Amino acid sequence: MEHRVIIAGGGLGGMTLALALASAGIASILVDPAPATASGNASGRAPFDGRSYALSAASVNLLRALSLWEGLAETAQPILQIKVSDGRAGEGPSPFVMEFDHAELEEGPMGHMVEDRHLRPALEAALARMPLCSRVEDSVTGQRALGDGIEVGLAGGARLRAALLVGSDGRQSPTGRRAGITRLVRDYGQGALVTSVEHARPHEGIAHQFFTPEGPLAILPLRGNRSSIVWTERAARAETLMAADDAQYLAALEPRFGDFLGGISLAGARFGYPLGMSLARSFVAPRVALLGDAAHAVHPIAGQGLNAGLKDVAALAQVLRDAARRGEDIGRADVLDRYQQWRRFDATALALATDGFNRLFSNDNAFLRLGRDLGMGIVGAVPALRRGAMREAAGLTGARPLLLRGLPL
Amino acid sequence: MTASTIDPREIDKFSAMAAEWWDPNGKFKPLHMLNPCRLDYICAQIAAEFDRDLSAPAPFAGLRLLDIGCGGGLLSEPMARLGAEVVGADAAERNIPVAQVHAREQGLDIDYRFTTAEAMAEKGERFDVVLNMEVVEHVADPLAYLSACHDLLRPGGLMVCSTINRNPKSFAMAIVGAEWVMRWLPKGTHEFAKFITPDELFGLLRRAGLEPVDRKGFVFNPVRWSWSLSDRDLSVNYVTSSLRPA
């Protein structure tokens with residue numbers, strides 16, 4: 001069957017979109033220069049490389065609706081509680097601590113930690129089984145929107161045609177750039193250090209977020225006595241730490257981490273990312289739609305990057321399914337505008353909110369510190385506010401696409 | 001063109017508007033905005049009447065469908081994409097080449113004709129489905145027109161017919177709002193006296209030999225800036241389904 005959608009970028013968002021479209025009977029072709037890692041490699045055999053994702057309850061619903069969660073559930077660590085505190089190195093957390101407990105949410109755990117070595121192969125294996133999904137190892141180098149579709153040129157010389165091109169190609173989004181979409185970019189002067197640690201004591205399913213003047217430190221529970229950490233530092237210091245050896249790195253981490261889980265040791269590879277916000281000024285162009293980081297790359301402060309990308313997937317797949325079922329041309333401007341209308345406000349609000357959140361918390365100004373201590377104390381003390389913040393973080397607010405409610409397309 | 005009940009002044013008005021049919025933000029923006037809602041209703045009615053699965057590819061394959069007042073093909077093209085054998089008829093000659101050129105661009109095979117329902121009925125053409133959307137409020141003799149639509153249906157065939165209700169609210173919305181204030185439509189597109197209440201339309205359909213089976217409202221939500229179907233609110237735009245008894 002001929003594909004109707006070309007997806008540039010075979011990351012988690014691109015693969016999930018291909019699967020969601022296939023579940024609605026829409027054929028697509030993924031274009032990515034990297035070979036599929038899981039082909040011939042049974043899920044879970046890959047060594048742990050330290051990358052993991054805090055999936056919101058809504059994202060888990062989506063994976064469940066696509067029949068992917070069954071195989072992943074046993075590898076995932078439920079997040080039962082989130083503790084947020086404002087701490088200054090050497091002083092420990094301030095007395096105002098926000099605690100979110102899943103018992104206050106009707107939907108079950110607030111989220112699940114899923115490791116990349118499980119999630120990615122599960123998506124790749126599902127794609128390989130799906131007759132409506134194909135994949136080509138190549139990269140998109142050119143595109144031309146036509147009245148009835150879009151023509152896409154690949155580095156290898158091949159040309160593809162479809163009704164729609166989806167850019168799922170990261171925060172630089174060459175697809176968006178070629179379509180003339182400009183971006184609002186903000187450099188935070190910070191770097192994120194991502195790794196995993198093993199600790200002596202069990203984490204009890206509790207996630208911690210410490211706000212410090214250098215930037216936030218997130219400690220997220222993995223299966224066993226392991227936690228994933230996302231450690232934010234000023235850019236220069238982050239670079240120094242990435243260049244340091246494991247012993248020096250651990251020596252710098254230990255005082256930030258504290259000793260509440262006993263002694264810690266490194267349990268995975270170390271990754272470093274410069275931090276910044278990059279917002280596309282439009283999520284659509286003629287015959288083009290952007291999703292995930294290509295549309296809205298945010299500070300990973302609340303672990304909402306992948307979750308926001310999966311919301312895009314759920315909304316775009318549903319808009320395209322509805323259009324296809326009523327016989328509309330699925331790449332037409334008015335169809336794509338429905339996707340943009342559904343997602344843009346939410347995604348932009350999230351990007352700007354995390355931006356503001358980060359500026360507020362990555363600051364040692366005494367007044368700001370007092371203000372945020374009081375703010376957290378107030379949010380922590382009022383159950384309705386706290387539930388609102390939890391439901392937002394769990395992705396359970398707003399007009400939700402079917403897949404995010406766990407319903408099939 | 002043979003005997004026609006179409007008011008010649010109406011044909012001129014729509015001929016003047018024909019060129020911009022396919023621009024979603026152009027002159028026909030209100031129709032493009034209403035289209036998903038119209039298509040949802042039409043698809044659901046056809047699927048229910050002919051027992052088709054809308055999630056299957058080409059669910060309307062094997063159905064012969066007539067789109068009366070097809071304009072640029074806003075309904076004809078989706079129906080063809082869903083597998084129906086489509087004839088698009090328009091009494092404005094200028095619409096036909098516009099629709100033909102666009103269908104060819106889209107790789108769709110649609111038989112567009114410069115003709116009227118009455119002329120086709122006289123020739124003995126028969127269809128499983130007749131789409132009769134936003135036409136009846138423009139014809140000179142609605143009963144004669146609906147009788148021709150009846151003759152165009154095979155026994156057991158389905159007609160979907162939409163129009164505009166006649167009351168102070170529909171005057172305010174469809175004429176003052178859409179034509180005078182928003183300028184969505186040129187002044188004079190609609191004549192209030194030709195609007196028809198749902199009960200009047202059901203009466204006309206029965207007198208034309210059809211059996212009305214369903215009616216729903218098309219409701220515009222100014223906050224969400226989009227249309228949706230309503231079971232209760234038929235106060236302005238509304239749509240009906242009727243069958244030719246087998």
# chains A, B, ... in the order shown; residues from 1 in each chain; ligands from 1

$ interface_residues --of "chain A" --to "chain B" --cutoff "7 Å" --atoms "only C-alpha atoms" --output "list in words"
Asp148, Arg325, Arg326, Gly327, Glu328 and Asp334 of chain A

$ select_by_dssp --residues "region 135-294 of chain A" --states "strand (DSSP E or B)" --output "JSON, numbers by chain"
{"A": [135, 136, 140, 141, 142, 143, 144, 145, 146, 149, 150, 151, 152, 153, 154, 159, 160, 161, 162, 164, 165, 166, 167, 183, 184, 185, 186, 187, 188, 189, 190, 191, 192, 193, 194, 195, 196, 197, 198, 199, 206, 207, 208, 209, 210, 211, 212, 215, 216, 217, 218, 219, 220, 221, 222, 226, 227, 228, 229, 230, 231, 232, 233, 234, 264, 265, 266, 271, 272, 273, 274, 275, 276, 277, 278, 279, 280, 284, 285, 288, 289, 290]}

$ select_by_dssp --residues "region 63-142 of chain B" --states "helix (DSSP H, G or I)" --output "ChimeraX atom specification"
/B:76-81,95-105,117-122,136-138,142

$ write_last_selection --atoms "C-alpha atoms" --output "mmCIF file, in the first residue's frame"
data_model
loop_
_atom_site.group_PDB
_atom_site.id
_atom_site.type_symbol
_atom_site.label_atom_id
_atom_site.label_comp_id
_atom_site.auth_asym_id
_atom_site.auth_seq_id
_atom_site.Cartn_x
_atom_site.Cartn_y
_atom_site.Cartn_z
ATOM 1 C CA SER B 76 -17.826 15.361 -4.271
ATOM 2 C CA GLU B 77 -14.088 14.924 -3.707
ATOM 3 C CA PRO B 78 -14.323 13.415 -0.188
ATOM 4 C CA MET B 79 -17.083 11.059 -1.392
ATOM 5 C CA ALA B 80 -14.899 9.939 -4.318
ATOM 6 C CA ARG B 81 -11.955 9.438 -1.952
ATOM 7 C CA ASN B 95 -18.184 25.858 -11.404
ATOM 8 C CA ILE B 96 -17.766 22.803 -13.619
ATOM 9 C CA PRO B 97 -14.262 23.473 -15.038
ATOM 10 C CA VAL B 98 -13.081 24.661 -11.584
ATOM 11 C CA ALA B 99 -14.232 21.386 -10.043
ATOM 12 C CA GLN B 100 -12.864 19.293 -12.932
ATOM 13 C CA VAL B 101 -9.411 20.862 -12.800
ATOM 14 C CA HIS B 102 -9.187 20.359 -9.042
ATOM 15 C CA ALA B 103 -10.341 16.729 -9.121
ATOM 16 C CA ARG B 104 -7.762 15.934 -11.793
ATOM 17 C CA GLU B 105 -5.030 17.535 -9.625
ATOM 18 C CA ALA B 117 -31.715 17.741 -10.831
ATOM 19 C CA GLU B 118 -34.845 18.085 -12.973
ATOM 20 C CA ALA B 119 -32.961 17.482 -16.238
ATOM 21 C CA MET B 120 -31.202 14.408 -14.827
ATOM 22 C CA ALA B 121 -34.463 13.003 -13.449
ATOM 23 C CA GLU B 122 -36.079 13.404 -16.871
ATOM 24 C CA VAL B 136 -33.348 23.939 -1.456
ATOM 25 C CA GLU B 137 -33.374 27.501 -0.054
ATOM 26 C CA HIS B 138 -32.232 28.777 -3.458
ATOM 27 C CA PRO B 142 -39.005 23.524 -3.642
#

$ atom_distance --atom1 "CA of Asp214 (chain B)" --atom2 "CA of Ser242 (chain B)"
7.0 Å

$ residues_around --residues "region 143-151 of chain B" --least-positions-apart "4" --cutoff "7 Å" --atoms "only C-alpha atoms" --output "list in words"
Thr5, Ala117, Glu118, Ala121, Leu204, Leu205, Ala208, Gly209, Leu210 and Arg244 of chain B

$ closest_residue --among "B:Val129, B:Leu108, B:Val213, B:Leu31" --to "Arg64 (chain B)" --atoms "only C-alpha atoms"
B:Val129

$ atom_distance --atom1 "CA of Glu151 (chain A)" --atom2 "CA of Phe283 (chain A)"
19.3 Å

$ atom_distance --atom1 "CA of Ala162 (chain A)" --atom2 "CA of Ile29 (chain A)"
9.3 Å

$ closest_residue --among "B:Leu131, B:Leu152, B:Ala91, B:Cys70" --to "Ile110 (chain B)" --atoms "only C-alpha atoms"
B:Cys70

$ residues_around --residues "Pro245 (chain B)" --least-positions-apart "2" --cutoff "6 Å" --atoms "only C-alpha atoms" --output "list in words"
Pro155, Gly156 and Leu243 of chain B

$ decode --residues "region 210-296 of chain A" --atoms "C-alpha atoms" --output "PDB file, in the first residue's frame"
ATOM      1  CA  PHE A 210      15.643  19.567  44.354  1.00  0.00           C
ATOM      2  CA  PHE A 211      15.813  23.159  43.245  1.00  0.00           C
ATOM      3  CA  THR A 212      19.224  24.701  43.808  1.00  0.00           C
ATOM      4  CA  PRO A 213      20.762  27.965  42.613  1.00  0.00           C
ATOM      5  CA  GLU A 214      22.821  26.051  40.023  1.00  0.00           C
ATOM      6  CA  GLY A 215      19.670  24.468  38.617  1.00  0.00           C
ATOM      7  CA  PRO A 216      17.320  21.607  39.422  1.00  0.00           C
ATOM      8  CA  LEU A 217      18.366  18.060  40.275  1.00  0.00           C
ATOM      9  CA  ALA A 218      15.820  15.323  39.567  1.00  0.00           C
ATOM     10  CA  ILE A 219      16.182  11.875  41.107  1.00  0.00           C
ATOM     11  CA  LEU A 220      13.788   9.423  39.469  1.00  0.00           C
ATOM     12  CA  PRO A 221      13.271   5.834  40.631  1.00  0.00           C
ATOM     13  CA  LEU A 222      14.168   2.926  38.344  1.00  0.00           C
ATOM     14  CA  ARG A 223      13.613  -0.806  38.893  1.00  0.00           C
ATOM     15  CA  GLY A 224      15.789  -2.135  41.728  1.00  0.00           C
ATOM     16  CA  ASN A 225      17.985   0.088  43.877  1.00  0.00           C
ATOM     17  CA  ARG A 226      18.676   2.403  40.970  1.00  0.00           C
ATOM     18  CA  SER A 227      17.652   5.927  40.113  1.00  0.00           C
ATOM     19  CA  SER A 228      17.956   8.061  37.024  1.00  0.00           C
ATOM     20  CA  ILE A 229      19.271  11.555  37.580  1.00  0.00           C
ATOM     21  CA  VAL A 230      18.900  14.724  35.564  1.00  0.00           C
ATOM     22  CA  TRP A 231      21.381  17.157  36.987  1.00  0.00           C
ATOM     23  CA  THR A 232      21.428  20.729  35.768  1.00  0.00           C
ATOM     24  CA  GLU A 233      24.505  22.910  36.137  1.00  0.00           C
ATOM     25  CA  ARG A 234      25.761  26.176  34.687  1.00  0.00           C
ATOM     26  CA  ALA A 235      27.133  25.546  31.203  1.00  0.00           C
ATOM     27  CA  ALA A 236      30.855  25.882  32.002  1.00  0.00           C
ATOM     28  CA  ARG A 237      30.603  23.624  35.043  1.00  0.00           C
ATOM     29  CA  ALA A 238      28.561  21.064  33.095  1.00  0.00           C
ATOM     30  CA  GLU A 239      31.283  20.934  30.444  1.00  0.00           C
ATOM     31  CA  THR A 240      33.976  20.462  33.103  1.00  0.00           C
ATOM     32  CA  LEU A 241      31.976  17.650  34.689  1.00  0.00           C
ATOM     33  CA  MET A 242      31.420  15.906  31.348  1.00  0.00           C
ATOM     34  CA  ALA A 243      35.178  15.990  30.767  1.00  0.00           C
ATOM     35  CA  ALA A 244      35.940  14.709  34.299  1.00  0.00           C
ATOM     36  CA  ASP A 245      36.502  11.013  35.019  1.00  0.00           C
ATOM     37  CA  ASP A 246      33.860   8.926  36.826  1.00  0.00           C
ATOM     38  CA  ALA A 247      35.438   9.378  40.271  1.00  0.00           C
ATOM     39  CA  GLN A 248      35.572  13.172  39.980  1.00  0.00           C
ATOM     40  CA  TYR A 249      32.042  13.225  38.561  1.00  0.00           C
ATOM     41  CA  LEU A 250      30.689  11.134  41.440  1.00  0.00           C
ATOM     42  CA  ALA A 251      32.548  13.282  43.976  1.00  0.00           C
ATOM     43  CA  ALA A 252      30.752  16.354  42.571  1.00  0.00           C
ATOM     44  CA  LEU A 253      27.368  14.619  42.517  1.00  0.00           C
ATOM     45  CA  GLU A 254      27.428  13.157  46.051  1.00  0.00           C
ATOM     46  CA  PRO A 255      26.947  16.423  47.971  1.00  0.00           C
ATOM     47  CA  ARG A 256      24.085  17.442  45.643  1.00  0.00           C
ATOM     48  CA  PHE A 257      22.428  14.045  45.901  1.00  0.00           C
ATOM     49  CA  GLY A 258      22.746  13.762  49.676  1.00  0.00           C
ATOM     50  CA  ASP A 259      22.887  10.528  51.629  1.00  0.00           C
ATOM     51  CA  PHE A 260      19.183   9.759  52.107  1.00  0.00           C
ATOM     52  CA  LEU A 261      19.518   6.624  49.935  1.00  0.00           C
ATOM     53  CA  GLY A 262      22.869   5.596  51.392  1.00  0.00           C
ATOM     54  CA  GLY A 263      26.073   5.395  49.349  1.00  0.00           C
ATOM     55  CA  ILE A 264      25.800   5.862  45.568  1.00  0.00           C
ATOM     56  CA  SER A 265      27.759   4.605  42.576  1.00  0.00           C
ATOM     57  CA  LEU A 266      27.427   5.230  38.821  1.00  0.00           C
ATOM     58  CA  ALA A 267      25.212   2.661  37.080  1.00  0.00           C
ATOM     59  CA  GLY A 268      25.072   3.848  33.474  1.00  0.00           C
ATOM     60  CA  ALA A 269      26.739   5.930  30.799  1.00  0.00           C
ATOM     61  CA  ARG A 270      26.915   9.721  31.217  1.00  0.00           C
ATOM     62  CA  PHE A 271      25.168  12.058  28.796  1.00  0.00           C
ATOM     63  CA  GLY A 272      25.375  15.839  28.553  1.00  0.00           C
ATOM     64  CA  TYR A 273      22.981  18.212  26.810  1.00  0.00           C
ATOM     65  CA  PRO A 274      23.077  22.009  26.542  1.00  0.00           C
ATOM     66  CA  LEU A 275      19.755  23.420  27.756  1.00  0.00           C
ATOM     67  CA  GLY A 276      17.553  25.860  25.946  1.00  0.00           C
ATOM     68  CA  MET A 277      14.045  26.501  24.774  1.00  0.00           C
ATOM     69  CA  SER A 278      13.344  26.333  21.057  1.00  0.00           C
ATOM     70  CA  LEU A 279       9.763  27.076  20.014  1.00  0.00           C
ATOM     71  CA  ALA A 280       8.610  26.898  16.403  1.00  0.00           C
ATOM     72  CA  ARG A 281       6.585  30.033  15.541  1.00  0.00           C
ATOM     73  CA  SER A 282       4.154  27.767  13.698  1.00  0.00           C
ATOM     74  CA  PHE A 283       3.606  24.027  14.075  1.00  0.00           C
ATOM     75  CA  VAL A 284       2.401  23.716  10.465  1.00  0.00           C
ATOM     76  CA  ALA A 285       3.255  24.941   6.962  1.00  0.00           C
ATOM     77  CA  PRO A 286       1.825  23.931   3.568  1.00  0.00           C
ATOM     78  CA  ARG A 287       1.845  20.072   3.575  1.00  0.00           C
ATOM     79  CA  VAL A 288       4.098  20.057   6.683  1.00  0.00           C
ATOM     80  CA  ALA A 289       3.412  19.435  10.396  1.00  0.00           C
ATOM     81  CA  LEU A 290       5.975  19.508  13.203  1.00  0.00           C
ATOM     82  CA  LEU A 291       5.815  17.452  16.390  1.00  0.00           C
ATOM     83  CA  GLY A 292       7.774  16.946  19.603  1.00  0.00           C
ATOM     84  CA  ASP A 293      11.010  18.915  19.985  1.00  0.00           C
ATOM     85  CA  ALA A 294      10.701  20.047  16.352  1.00  0.00           C
ATOM     86  CA  ALA A 295       7.641  22.045  17.441  1.00  0.00           C
ATOM     87  CA  HIS A 296       8.511  22.871  21.044  1.00  0.00           C
TER      88      HIS A 296
END
